[in-house]
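K.L.:
Following this message is one structure expressed as C-alpha cells.
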Amino acid sequence: MLLSTLFLGAVSATDFVTCGSVIKLVNKAYTMRLHSHEVTYGSGSGQQSVTGFRGETDSNSYWWIRGASEESCKRGDSVMCGSEVLLTHINTMKNLHSHQHRAPLTNNQEVSAYGNDGAGDAMDVWEVICGGNNPWRRDSAVKLKHKGTQKYLAASGQQFNRPISGQMEIVAQSKSGGATEWKVAEGAFVSPPSVNIHTEL
Amino acid sequence: MKLLSLLSLLEVALAGRDNCYKYLGVSKSEATKKIKSAYRKLAAKMHPDKNPDDPEATQKFQDLAWCHDVLTDEKKKKKYDRGGEKAINEDNGAEDFEGFGGMFGGMFGGMFGGQQREEIRKGDLVLVPLIVTLEELYNGAFIDMTRTKRSYREAPGQRDCNCRVEMRQKRMGMGQFQIFQEQVCDKCPNMKLISDDEDLEIEIERGMDHGHTIDYFGEGEPKLDGEPGDLQIVLRLVKHKLFERSGHDLYTNLTISLEDALTGFETTIKHLDGHVVTVKRSDITWSGFRMRIKNEGMPVLEDNTKFGSMIVTIDVQFPKKSLSAEQKKVISEILNQSDVQPDFYNGIKYPKMRV
C-alpha cells in the first residue's frame, strides 16, 4: 500500500523540468543515477569523474540545470526539447562535460565534471533531445546529446572497482540507441513565474 | 504592516497550546499541507531572533512549534481534538519535545539559536543555487519551488539493525575457553523509501546579498535510522545592466559631454523599484569625479529603513573633431588659464582616476 502525498488543489507547477531546478537523472536502462564526487579519473583527462550510482539518497547525485546562456532560459521557464543546457554538479559546482578523451573502461568518449563555480567552457553544453517543440515533461525520458562532439550521454554497463565499487561508467557514445535515456527523479523544481499566488499574513 | 497581519498577530498573542487552530490560523478540517505552510509563515515572523524585545518570544515560538507538531500528526491530532493540550501531555508525561522539530521554513541565514542536540545521524545536505536579480534583492520577492524528495516509511516485516560484533565465550571443557566473535543485530521495523512532494516558498528579503543562504530543516536527503538532512538555498546574483553592488552601496557610471562637464548638467536614473533619482551638478565636473547620493543604495537586511548610497562615477566625452583656429582663440580667452603651465610628474596612473 503505497500512498504518495501529492499536493492537491494547487496549480500543478511540477509537470515540467524548469531552468534553475536541481534534479537527479536516472538512467532508464540501468536505474542508475547520474553522479559525481571528488574522485578524479586515473586515465583520460584526469578530471573529476562522473558515474552511475545505485543509491537513492546521496546528494552527490544532484545537478543544477540552466539554459546554456542566461537569456535562453530564465529561472522557472520550462526546458524545451531541442534546447541547450548546462548541468552543474551542486556539491562541486563543476559542469557535466565531455571531450575527445577515451573513457576509462570502454571504447567510448569520456564524460567528466569540469569548471569552477558553475563556469566551464563550450564543451559543457548538452542538447535536450525529446519530441517536437515541447517542454521536457518530468514523467518522460529524454536523451542528452553533447553539442561539441554530437555524442549521447549513456551508461556503458561496465562497473568500476575500488574505490568506487559498484558504480557504473558513464560515457558519451555515437549511437543514439542503447542506454541513452534519462528520466528526472528527485529534486527541487522552480515553479514558473506565473504561479506566484501569495497571501501575506 | 497590513491591518490584516496586525490583527492576526494579536490573535496569535492570545492563543497558545490550548487553542492551536486559532494560533496557526487554520480550521479543524484543514489539510496537513496548509497547516505546514501556515506554520512556516508564522515561524518566520515569530522566531525569537526576530523578536529580541519580546521576553516571551521563545515561549510563544515553542508553543507554535508544539501546535504544528500535534496538528500534523494524525494520532496526536485526534487526541488533541478530543481532549486538548491535556490529552497530549497525559499520555506522554514530560514528552521530550525535540526543540523546533518538523519542517522549518527558515529565513534565519542558518542561525538556529544554538540548539543543544545529541549526535544524531543526519541525511545529506542538498544545496540549491538560486539565481536572483538585483531588483529582487532590492524589492524582495517570493519564489516557489516544489521539493520532490524521498522519505523513509515503515513497511511490513522486520530487518536487522544496529549490527555489531560481540565477543563470546564458549566453555570447551577441561577448564578451557574459546573466545570468538559473533555478529549480533537488533530487530527494527522494515523501512521503505517513498516519494513526497513538498511546497517550498522562498522569501527573498530586501537587502539579502549574493551568497546568502536560506535553510529548510529536514528537506534534504533521508537517512535510514537517522534524521533527514537539510536543504539550503544559496543566492547567486546575476550581473545588472546599470548597477554594481558593493555591500550596501550601488555603483554606476555616467558619461557626460565636455560642455556639460564645464557648464553643469542634470539627468535622471531609474532605480530598481522604478523611482527616479536626479543626478545634477552645476560646478565643473572632471573625468573620474564621484558623486555619492545618500540613501539611494541597497536596503540594509537587518533594518530596511536604512539604505546604503548610490555612487555615480562620471566620465567626460571630449569632442572628436578638431577645433578651428578661431574657436581655439575663443576658448583660450574664456578659460584664461595662462597661469597653469604644463607640468611633468612621476607615475603610471593618472592620480585623479582610479582603474
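Scheme for the C-alpha cells: letters A, B, ... for chains in order shown; per-chain residue numbers from 1; ligand numbers from 1 in order shown.
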Might you pull out every residue within 8 Å of Thr88 in chain A, with only C-alpha atoms counted and same-chain residues fewer than 5 positions away left off, and present them as a PyMOL selection string?

P.N.:
chain A and resi 63-65+93-96+118

K.L.:
Using N, CA, C and O atoms, can you write the selected residues to a file as a CSV table (one decimal), in the first residue's frame?

P.N.:
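Saved file out34.csv follows:
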```csv
chain,number,residue,atom,x,y,z
A,63,TRP,N,22.1,17.6,-9.8
A,63,TRP,CA,22.6,18.5,-10.8
A,63,TRP,C,21.7,19.7,-11.0
A,63,TRP,O,20.5,19.6,-11.0
A,64,TRP,N,22.3,20.9,-11.1
A,64,TRP,CA,21.6,22.1,-11.3
A,64,TRP,C,21.5,22.4,-12.8
A,64,TRP,O,22.5,22.4,-13.5
A,65,ILE,N,20.2,22.5,-13.3
A,65,ILE,CA,20.1,22.7,-14.7
A,65,ILE,C,19.8,24.1,-15.1
A,65,ILE,O,18.9,24.8,-14.5
A,93,MET,N,30.1,22.2,-7.9
A,93,MET,CA,29.9,23.3,-8.9
A,93,MET,C,30.7,23.1,-10.1
A,93,MET,O,31.2,24.1,-10.7
A,94,LYS,N,30.9,21.9,-10.6
A,94,LYS,CA,31.6,21.6,-11.9
A,94,LYS,C,30.5,21.2,-12.8
A,94,LYS,O,29.5,20.5,-12.5
A,95,ASN,N,30.7,21.5,-14.1
A,95,ASN,CA,29.7,21.2,-15.1
A,95,ASN,C,29.9,19.8,-15.8
A,95,ASN,O,31.0,19.4,-16.0
A,96,LEU,N,28.8,19.2,-16.1
A,96,LEU,CA,28.8,17.9,-16.9
A,96,LEU,C,29.5,18.3,-18.3
A,96,LEU,O,29.1,19.2,-19.0
A,118,GLY,N,30.5,26.7,-11.5
A,118,GLY,CA,29.5,26.7,-12.5
A,118,GLY,C,29.9,27.3,-13.8
A,118,GLY,O,29.1,27.3,-14.7
```

K.L.:
Counting only C-alpha atoms, what is within 6 Å of Val17 in chain A, bar same-chain residues fewer than 6 positions away, as a list in words?

P.N.:
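Residues near the query, excluding close chain neighbours: Ser78, Val79, Trp136 and Arg138 of chain A.
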
K.L.:
I'd like a table as a Markdown table: residues in chain B with an atom no more than 6 Å from chain A, each row giving the shortest atom pair and its distance in Å to one decimal, only C-alpha atoms counted, sorted by chain and rising residue number.

P.N.:
```
| residue | atom | partner | partner_atom | distance |
| --- | --- | --- | --- | --- |
| B:Ser5 | CA | A:Leu201 | CA | 4.8 |
| B:Asp124 | CA | A:Ser59 | CA | 5.7 |
| B:Val126 | CA | A:Ser59 | CA | 5.8 |
| B:Asp144 | CA | A:Ser191 | CA | 5.4 |
| B:Met145 | CA | A:Val190 | CA | 4.4 |
| B:Thr146 | CA | A:Phe189 | CA | 5.0 |
| B:Arg147 | CA | A:Ala188 | CA | 4.3 |
| B:Thr148 | CA | A:Glu186 | CA | 5.1 |
| B:Lys149 | CA | A:Glu186 | CA | 5.3 |
| B:Ser195 | CA | A:Ser4 | CA | 6.0 |
| B:Asp196 | CA | A:Thr5 | CA | 5.7 |
| B:Asp197 | CA | A:Leu6 | CA | 5.7 |
| B:Glu221 | CA | A:Thr57 | CA | 5.5 |
```

K.L.:
Got time to write the residues from that selection, N, CA, C and O atoms, as a PDB file, in the first residue's frame?

P.N.:
```
ATOM      1  N   SER B   5      -2.518  41.648   8.891  1.00  0.00           N
ATOM      2  CA  SER B   5      -1.423  40.971   9.596  1.00  0.00           C
ATOM      3  C   SER B   5      -1.354  41.445  11.039  1.00  0.00           C
ATOM      4  O   SER B   5      -1.028  40.683  11.921  1.00  0.00           O
ATOM      5  N   ASP B 124      22.042  13.604   3.900  1.00  0.00           N
ATOM      6  CA  ASP B 124      22.851  14.578   3.157  1.00  0.00           C
ATOM      7  C   ASP B 124      22.177  15.934   3.040  1.00  0.00           C
ATOM      8  O   ASP B 124      20.953  16.037   2.930  1.00  0.00           O
ATOM      9  N   VAL B 126      21.265  19.156   0.859  1.00  0.00           N
ATOM     10  CA  VAL B 126      21.032  19.433  -0.557  1.00  0.00           C
ATOM     11  C   VAL B 126      21.201  20.935  -0.794  1.00  0.00           C
ATOM     12  O   VAL B 126      20.475  21.747  -0.230  1.00  0.00           O
ATOM     13  N   ASP B 144       8.626  30.262  -5.609  1.00  0.00           N
ATOM     14  CA  ASP B 144       8.094  28.953  -5.251  1.00  0.00           C
ATOM     15  C   ASP B 144       8.920  27.841  -5.849  1.00  0.00           C
ATOM     16  O   ASP B 144       9.335  27.911  -7.006  1.00  0.00           O
ATOM     17  N   MET B 145       9.125  26.807  -5.054  1.00  0.00           N
ATOM     18  CA  MET B 145       9.753  25.604  -5.585  1.00  0.00           C
ATOM     19  C   MET B 145       8.977  24.406  -5.076  1.00  0.00           C
ATOM     20  O   MET B 145       8.333  24.467  -4.028  1.00  0.00           O
ATOM     21  N   THR B 146       9.043  23.319  -5.814  1.00  0.00           N
ATOM     22  CA  THR B 146       8.446  22.072  -5.346  1.00  0.00           C
ATOM     23  C   THR B 146       9.579  21.118  -5.037  1.00  0.00           C
ATOM     24  O   THR B 146      10.411  20.820  -5.903  1.00  0.00           O
ATOM     25  N   ARG B 147       9.618  20.616  -3.823  1.00  0.00           N
ATOM     26  CA  ARG B 147      10.645  19.668  -3.437  1.00  0.00           C
ATOM     27  C   ARG B 147      10.077  18.261  -3.573  1.00  0.00           C
ATOM     28  O   ARG B 147       9.123  17.909  -2.868  1.00  0.00           O
ATOM     29  N   THR B 148      10.637  17.511  -4.512  1.00  0.00           N
ATOM     30  CA  THR B 148      10.255  16.106  -4.647  1.00  0.00           C
ATOM     31  C   THR B 148      11.353  15.304  -4.001  1.00  0.00           C
ATOM     32  O   THR B 148      12.483  15.272  -4.491  1.00  0.00           O
ATOM     33  N   LYS B 149      11.052  14.708  -2.868  1.00  0.00           N
ATOM     34  CA  LYS B 149      12.099  14.024  -2.126  1.00  0.00           C
ATOM     35  C   LYS B 149      11.643  12.644  -1.721  1.00  0.00           C
ATOM     36  O   LYS B 149      10.463  12.315  -1.772  1.00  0.00           O
ATOM     37  N   SER B 195       8.102   8.514  -2.211  1.00  0.00           N
ATOM     38  CA  SER B 195       8.312   9.824  -2.817  1.00  0.00           C
ATOM     39  C   SER B 195       7.270  10.799  -2.302  1.00  0.00           C
ATOM     40  O   SER B 195       6.110  10.464  -2.133  1.00  0.00           O
ATOM     41  N   ASP B 196       7.698  12.032  -2.075  1.00  0.00           N
ATOM     42  CA  ASP B 196       6.851  13.042  -1.452  1.00  0.00           C
ATOM     43  C   ASP B 196       7.059  14.390  -2.126  1.00  0.00           C
ATOM     44  O   ASP B 196       8.205  14.745  -2.419  1.00  0.00           O
ATOM     45  N   ASP B 197       5.984  15.124  -2.346  1.00  0.00           N
ATOM     46  CA  ASP B 197       6.126  16.477  -2.892  1.00  0.00           C
ATOM     47  C   ASP B 197       5.879  17.491  -1.788  1.00  0.00           C
ATOM     48  O   ASP B 197       4.905  17.389  -1.057  1.00  0.00           O
ATOM     49  N   GLU B 221      18.230  15.007   2.116  1.00  0.00           N
ATOM     50  CA  GLU B 221      18.153  13.597   1.803  1.00  0.00           C
ATOM     51  C   GLU B 221      17.790  12.801   3.051  1.00  0.00           C
ATOM     52  O   GLU B 221      18.190  13.151   4.153  1.00  0.00           O
TER      53      GLU B 221
END
```

K.L.:
Could you tell me which of A:Asn134, A:Asn161, A:Thr51, A:Asn116 comes closest to Gly82 in chain A if we count only C-alpha atoms?

P.N.:
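Counting only C-alpha atoms, the residue closest to Gly82 in chain A is A:Asn134.
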
K.L.:
Step one, run DSSP on the backbone; step two, keep only residues of range 49-246 of chain B assigned to helix (DSSP H, G or I); then write them as a PyMOL selection string.

P.N.:
chain B and resi 49-50+57-71+74-92+134-139

K.L.:
What does the structure give for the distance between CA of Ser72 in chain A and CA of Val125 in chain A, in Å to one decimal?

P.N.:
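So the answer is 12.8 Å.
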
K.L.:
Could you tell me which of B:Met46, B:Ala141, B:Leu71, B:Ile120 comes closest to Gln59 in chain B if we count only C-alpha atoms?

P.N.:
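Among the listed residues, the smallest separation from Gln59 in chain B belongs to B:Met46.
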
K.L.:
Rounded to one decimal place, report the CA of Pro319 in chain B-CA of Ala261 in chain B distance in Å.

P.N.:
12.0 Å

K.L.:
List as a ChimeraX atom specification the protein and nucleic acid residues near Met168 in chain A, meaning an atom at most 9 Å away when only C-alpha atoms are counted, but skip any in the same chain fewer than 3 places from it.

P.N.:
/A:32,51-54,155-160,164-165

K.L.:
Excluding same-chain residues fewer than 6 positions from Trp126 in chain A, what lies within 12 Å of it counting only C-alpha atoms, as an MDAnalysis selection string?

P.N.:
chainID A and resid 65:69 81:88 95:98 111 142:153 172

K.L.:
Could you take the residues named above and write them with N, CA and C atoms, as a PDB file, in the first residue's frame?

P.N.:
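Once everything was written out, this is out.pdb:
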```pdb
ATOM      1  N   ILE A  65      20.240  22.512 -13.302  1.00  0.00           N
ATOM      2  CA  ILE A  65      20.057  22.669 -14.736  1.00  0.00           C
ATOM      3  C   ILE A  65      19.777  24.126 -15.092  1.00  0.00           C
ATOM      4  N   ARG A  66      20.515  24.633 -16.080  1.00  0.00           N
ATOM      5  CA  ARG A  66      20.347  26.017 -16.542  1.00  0.00           C
ATOM      6  C   ARG A  66      20.391  26.028 -18.056  1.00  0.00           C
ATOM      7  N   GLY A  67      19.832  27.061 -18.654  1.00  0.00           N
ATOM      8  CA  GLY A  67      19.999  27.252 -20.090  1.00  0.00           C
ATOM      9  C   GLY A  67      21.472  27.527 -20.373  1.00  0.00           C
ATOM     10  N   ALA A  68      21.904  27.180 -21.587  1.00  0.00           N
ATOM     11  CA  ALA A  68      23.320  27.371 -21.913  1.00  0.00           C
ATOM     12  C   ALA A  68      23.718  28.833 -21.906  1.00  0.00           C
ATOM     13  N   SER A  69      22.759  29.728 -22.169  1.00  0.00           N
ATOM     14  CA  SER A  69      23.024  31.150 -21.986  1.00  0.00           C
ATOM     15  C   SER A  69      21.970  31.700 -21.051  1.00  0.00           C
ATOM     16  N   CYS A  81      12.401  20.883 -25.451  1.00  0.00           N
ATOM     17  CA  CYS A  81      13.088  19.882 -26.269  1.00  0.00           C
ATOM     18  C   CYS A  81      13.871  20.619 -27.341  1.00  0.00           C
ATOM     19  N   GLY A  82      15.077  20.194 -27.575  1.00  0.00           N
ATOM     20  CA  GLY A  82      15.922  20.825 -28.585  1.00  0.00           C
ATOM     21  C   GLY A  82      16.752  21.970 -28.028  1.00  0.00           C
ATOM     22  N   SER A  83      16.494  22.368 -26.782  1.00  0.00           N
ATOM     23  CA  SER A  83      17.256  23.498 -26.228  1.00  0.00           C
ATOM     24  C   SER A  83      18.594  23.028 -25.689  1.00  0.00           C
ATOM     25  N   GLU A  84      19.476  23.994 -25.437  1.00  0.00           N
ATOM     26  CA  GLU A  84      20.817  23.683 -24.945  1.00  0.00           C
ATOM     27  C   GLU A  84      20.910  24.034 -23.466  1.00  0.00           C
ATOM     28  N   VAL A  85      21.460  23.109 -22.695  1.00  0.00           N
ATOM     29  CA  VAL A  85      21.528  23.297 -21.257  1.00  0.00           C
ATOM     30  C   VAL A  85      22.916  23.034 -20.697  1.00  0.00           C
ATOM     31  N   LEU A  86      23.112  23.517 -19.470  1.00  0.00           N
ATOM     32  CA  LEU A  86      24.280  23.169 -18.667  1.00  0.00           C
ATOM     33  C   LEU A  86      23.779  22.366 -17.480  1.00  0.00           C
ATOM     34  N   LEU A  87      24.536  21.358 -17.090  1.00  0.00           N
ATOM     35  CA  LEU A  87      24.193  20.590 -15.889  1.00  0.00           C
ATOM     36  C   LEU A  87      25.359  20.728 -14.910  1.00  0.00           C
ATOM     37  N   THR A  88      25.109  21.375 -13.790  1.00  0.00           N
ATOM     38  CA  THR A  88      26.177  21.657 -12.826  1.00  0.00           C
ATOM     39  C   THR A  88      26.017  20.786 -11.588  1.00  0.00           C
ATOM     40  N   ASN A  95      30.697  21.493 -14.124  1.00  0.00           N
ATOM     41  CA  ASN A  95      29.695  21.192 -15.143  1.00  0.00           C
ATOM     42  C   ASN A  95      29.904  19.840 -15.797  1.00  0.00           C
ATOM     43  N   LEU A  96      28.774  19.180 -16.143  1.00  0.00           N
ATOM     44  CA  LEU A  96      28.844  17.947 -16.931  1.00  0.00           C
ATOM     45  C   LEU A  96      29.536  18.271 -18.254  1.00  0.00           C
ATOM     46  N   HIS A  97      30.525  17.511 -18.613  1.00  0.00           N
ATOM     47  CA  HIS A  97      31.457  17.918 -19.675  1.00  0.00           C
ATOM     48  C   HIS A  97      31.879  16.696 -20.469  1.00  0.00           C
ATOM     49  N   SER A  98      32.153  16.866 -21.748  1.00  0.00           N
ATOM     50  CA  SER A  98      32.751  15.768 -22.496  1.00  0.00           C
ATOM     51  C   SER A  98      33.761  16.320 -23.485  1.00  0.00           C
ATOM     52  N   VAL A 111      33.239  11.190 -20.150  1.00  0.00           N
ATOM     53  CA  VAL A 111      32.381  12.248 -19.631  1.00  0.00           C
ATOM     54  C   VAL A 111      32.932  12.631 -18.262  1.00  0.00           C
ATOM     55  N   VAL A 142      14.320  11.620 -21.676  1.00  0.00           N
ATOM     56  CA  VAL A 142      14.937  12.352 -22.785  1.00  0.00           C
ATOM     57  C   VAL A 142      16.327  11.788 -23.032  1.00  0.00           C
ATOM     58  N   LYS A 143      16.934  12.228 -24.152  1.00  0.00           N
ATOM     59  CA  LYS A 143      18.351  11.917 -24.379  1.00  0.00           C
ATOM     60  C   LYS A 143      19.115  13.234 -24.256  1.00  0.00           C
ATOM     61  N   LEU A 144      20.375  13.112 -23.911  1.00  0.00           N
ATOM     62  CA  LEU A 144      21.215  14.307 -23.785  1.00  0.00           C
ATOM     63  C   LEU A 144      22.374  14.178 -24.757  1.00  0.00           C
ATOM     64  N   LYS A 145      22.419  15.084 -25.728  1.00  0.00           N
ATOM     65  CA  LYS A 145      23.426  15.000 -26.780  1.00  0.00           C
ATOM     66  C   LYS A 145      24.470  16.087 -26.572  1.00  0.00           C
ATOM     67  N   HIS A 146      25.710  15.704 -26.514  1.00  0.00           N
ATOM     68  CA  HIS A 146      26.802  16.640 -26.312  1.00  0.00           C
ATOM     69  C   HIS A 146      26.972  17.501 -27.549  1.00  0.00           C
ATOM     70  N   LYS A 147      26.846  18.830 -27.387  1.00  0.00           N
ATOM     71  CA  LYS A 147      26.862  19.717 -28.544  1.00  0.00           C
ATOM     72  C   LYS A 147      28.200  19.678 -29.273  1.00  0.00           C
ATOM     73  N   GLY A 148      29.280  19.695 -28.508  1.00  0.00           N
ATOM     74  CA  GLY A 148      30.606  19.812 -29.131  1.00  0.00           C
ATOM     75  C   GLY A 148      31.010  18.612 -29.964  1.00  0.00           C
ATOM     76  N   THR A 149      30.611  17.398 -29.530  1.00  0.00           N
ATOM     77  CA  THR A 149      31.062  16.194 -30.233  1.00  0.00           C
ATOM     78  C   THR A 149      29.901  15.387 -30.809  1.00  0.00           C
ATOM     79  N   GLN A 150      28.670  15.860 -30.603  1.00  0.00           N
ATOM     80  CA  GLN A 150      27.481  15.208 -31.149  1.00  0.00           C
ATOM     81  C   GLN A 150      27.297  13.766 -30.669  1.00  0.00           C
ATOM     82  N   LYS A 151      27.745  13.490 -29.426  1.00  0.00           N
ATOM     83  CA  LYS A 151      27.586  12.134 -28.879  1.00  0.00           C
ATOM     84  C   LYS A 151      26.568  12.136 -27.739  1.00  0.00           C
ATOM     85  N   TYR A 152      26.010  10.962 -27.464  1.00  0.00           N
ATOM     86  CA  TYR A 152      24.931  10.831 -26.489  1.00  0.00           C
ATOM     87  C   TYR A 152      25.405  10.382 -25.108  1.00  0.00           C
ATOM     88  N   LEU A 153      24.867  11.045 -24.067  1.00  0.00           N
ATOM     89  CA  LEU A 153      25.177  10.650 -22.684  1.00  0.00           C
ATOM     90  C   LEU A 153      24.576   9.264 -22.442  1.00  0.00           C
ATOM     91  N   ALA A 172      30.038   9.151 -23.370  1.00  0.00           N
ATOM     92  CA  ALA A 172      29.334   9.787 -24.482  1.00  0.00           C
ATOM     93  C   ALA A 172      29.563   8.871 -25.682  1.00  0.00           C
TER      94      ALA A 172
END
```

K.L.:
Pick out the closest residue to Met167 in chain B from this set: B:Ile179, B:Ala325, B:Ile331, B:Leu262. Count only C-alpha atoms.

P.N.:
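The answer is B:Ile179, which sits nearest to Met167 in chain B.
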
K.L.:
Quick one: distance from CA of Glu181 in chain A to CA of Gly120 in chain A in Å, one decimal?

P.N.:
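For CA of Glu181 in chain A relative to CA of Gly120 in chain A, the distance reads 24.6 Å.
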
K.L.:
As a PyMOL selection string, please: every residue in range 63-304 of chain B that a backbone DSSP assignment puts in strand (DSSP E).

P.N.:
chain B and resi 104-105+126-132+141-173+176-204+213-217+231-237+244-246+249-257+265-270+276-281+290-293+299-300+303-304

K.L.:
What lies within 9 Å of Gln48 in chain A using only C-alpha atoms, ignoring chain neighbours under 5 positions off, as a CSV table (one decimal) with N, CA and C atoms, in the first residue's frame?

P.N.:
```csv
chain,number,residue,atom,x,y,z
A,36,SER,N,28.4,12.5,-9.4
A,36,SER,CA,29.8,12.8,-9.4
A,36,SER,C,30.3,13.0,-8.0
A,37,HIS,N,31.6,13.2,-7.8
A,37,HIS,CA,32.2,13.3,-6.4
A,37,HIS,C,33.6,13.7,-6.6
A,38,GLU,N,34.3,13.9,-5.5
A,38,GLU,CA,35.7,14.4,-5.6
A,38,GLU,C,36.6,13.2,-5.8
A,39,VAL,N,36.4,12.5,-6.9
A,39,VAL,CA,37.3,11.4,-7.3
A,39,VAL,C,37.7,11.7,-8.8
A,40,THR,N,38.9,11.7,-9.1
A,40,THR,CA,39.3,12.0,-10.5
A,40,THR,C,39.6,10.7,-11.2
A,41,TYR,N,39.5,10.8,-12.5
A,41,TYR,CA,39.8,9.7,-13.4
A,41,TYR,C,41.3,9.4,-13.3
A,94,LYS,N,30.9,21.9,-10.6
A,94,LYS,CA,31.6,21.6,-11.9
A,94,LYS,C,30.5,21.2,-12.8
A,112,SER,N,33.2,13.9,-18.0
A,112,SER,CA,33.8,14.3,-16.8
A,112,SER,C,33.0,15.5,-16.2
A,113,ALA,N,33.4,16.0,-15.0
A,113,ALA,CA,32.8,17.2,-14.4
A,113,ALA,C,33.9,18.2,-14.4
A,114,TYR,N,33.7,19.4,-15.0
A,114,TYR,CA,34.7,20.4,-15.3
A,114,TYR,C,34.3,21.8,-15.0
```

K.L.:
Could you pull the residues within 10 Å of Thr32 in chain B, counting only C-alpha atoms, minus those fewer than 4 positions along the same chain, as a list in words?

P.N.:
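Returned residues: Phe7 of chain A; Lys36, Ser37, Ala38, His68, Leu71, Thr72, Asp73 and Glu74 of chain B.
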
K.L.:
Mind writing the picked residues with N, CA, C and O atoms as an mmCIF file, in the first residue's frame?

P.N.:
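part_0.cif written:
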```
data_model
loop_
_atom_site.group_PDB
_atom_site.id
_atom_site.type_symbol
_atom_site.label_atom_id
_atom_site.label_comp_id
_atom_site.auth_asym_id
_atom_site.auth_seq_id
_atom_site.Cartn_x
_atom_site.Cartn_y
_atom_site.Cartn_z
ATOM 1 N N PHE A 7 0.389 17.163 -3.537
ATOM 2 C CA PHE A 7 -0.279 18.387 -3.153
ATOM 3 C C PHE A 7 -1.473 18.586 -4.085
ATOM 4 O O PHE A 7 -1.316 18.861 -5.255
ATOM 5 N N LYS B 36 1.132 23.083 7.524
ATOM 6 C CA LYS B 36 2.588 23.239 7.472
ATOM 7 C C LYS B 36 2.951 24.591 6.872
ATOM 8 O O LYS B 36 3.864 25.267 7.331
ATOM 9 N N SER B 37 2.222 24.982 5.824
ATOM 10 C CA SER B 37 2.502 26.256 5.167
ATOM 11 C C SER B 37 2.231 27.422 6.105
ATOM 12 O O SER B 37 3.020 28.367 6.200
ATOM 13 N N ALA B 38 1.119 27.337 6.835
ATOM 14 C CA ALA B 38 0.783 28.390 7.788
ATOM 15 C C ALA B 38 1.831 28.465 8.886
ATOM 16 O O ALA B 38 2.263 29.551 9.292
ATOM 17 N N HIS B 68 2.152 22.859 15.809
ATOM 18 C CA HIS B 68 2.433 22.303 14.476
ATOM 19 C C HIS B 68 2.693 20.806 14.577
ATOM 20 O O HIS B 68 2.189 20.011 13.806
ATOM 21 N N LEU B 71 -0.729 19.011 15.364
ATOM 22 C CA LEU B 71 -1.751 19.058 14.316
ATOM 23 C C LEU B 71 -1.338 18.363 13.025
ATOM 24 O O LEU B 71 -2.174 18.067 12.185
ATOM 25 N N THR B 72 -0.042 18.122 12.840
ATOM 26 C CA THR B 72 0.397 17.447 11.608
ATOM 27 C C THR B 72 0.631 15.962 11.819
ATOM 28 O O THR B 72 1.050 15.247 10.925
ATOM 29 N N ASP B 73 0.342 15.478 13.019
ATOM 30 C CA ASP B 73 0.468 14.049 13.318
ATOM 31 C C ASP B 73 -0.943 13.506 13.527
ATOM 32 O O ASP B 73 -1.653 13.939 14.440
ATOM 33 N N GLU B 74 -1.337 12.558 12.676
ATOM 34 C CA GLU B 74 -2.714 12.051 12.687
ATOM 35 C C GLU B 74 -3.184 11.622 14.078
ATOM 36 O O GLU B 74 -4.250 12.013 14.544
#
```
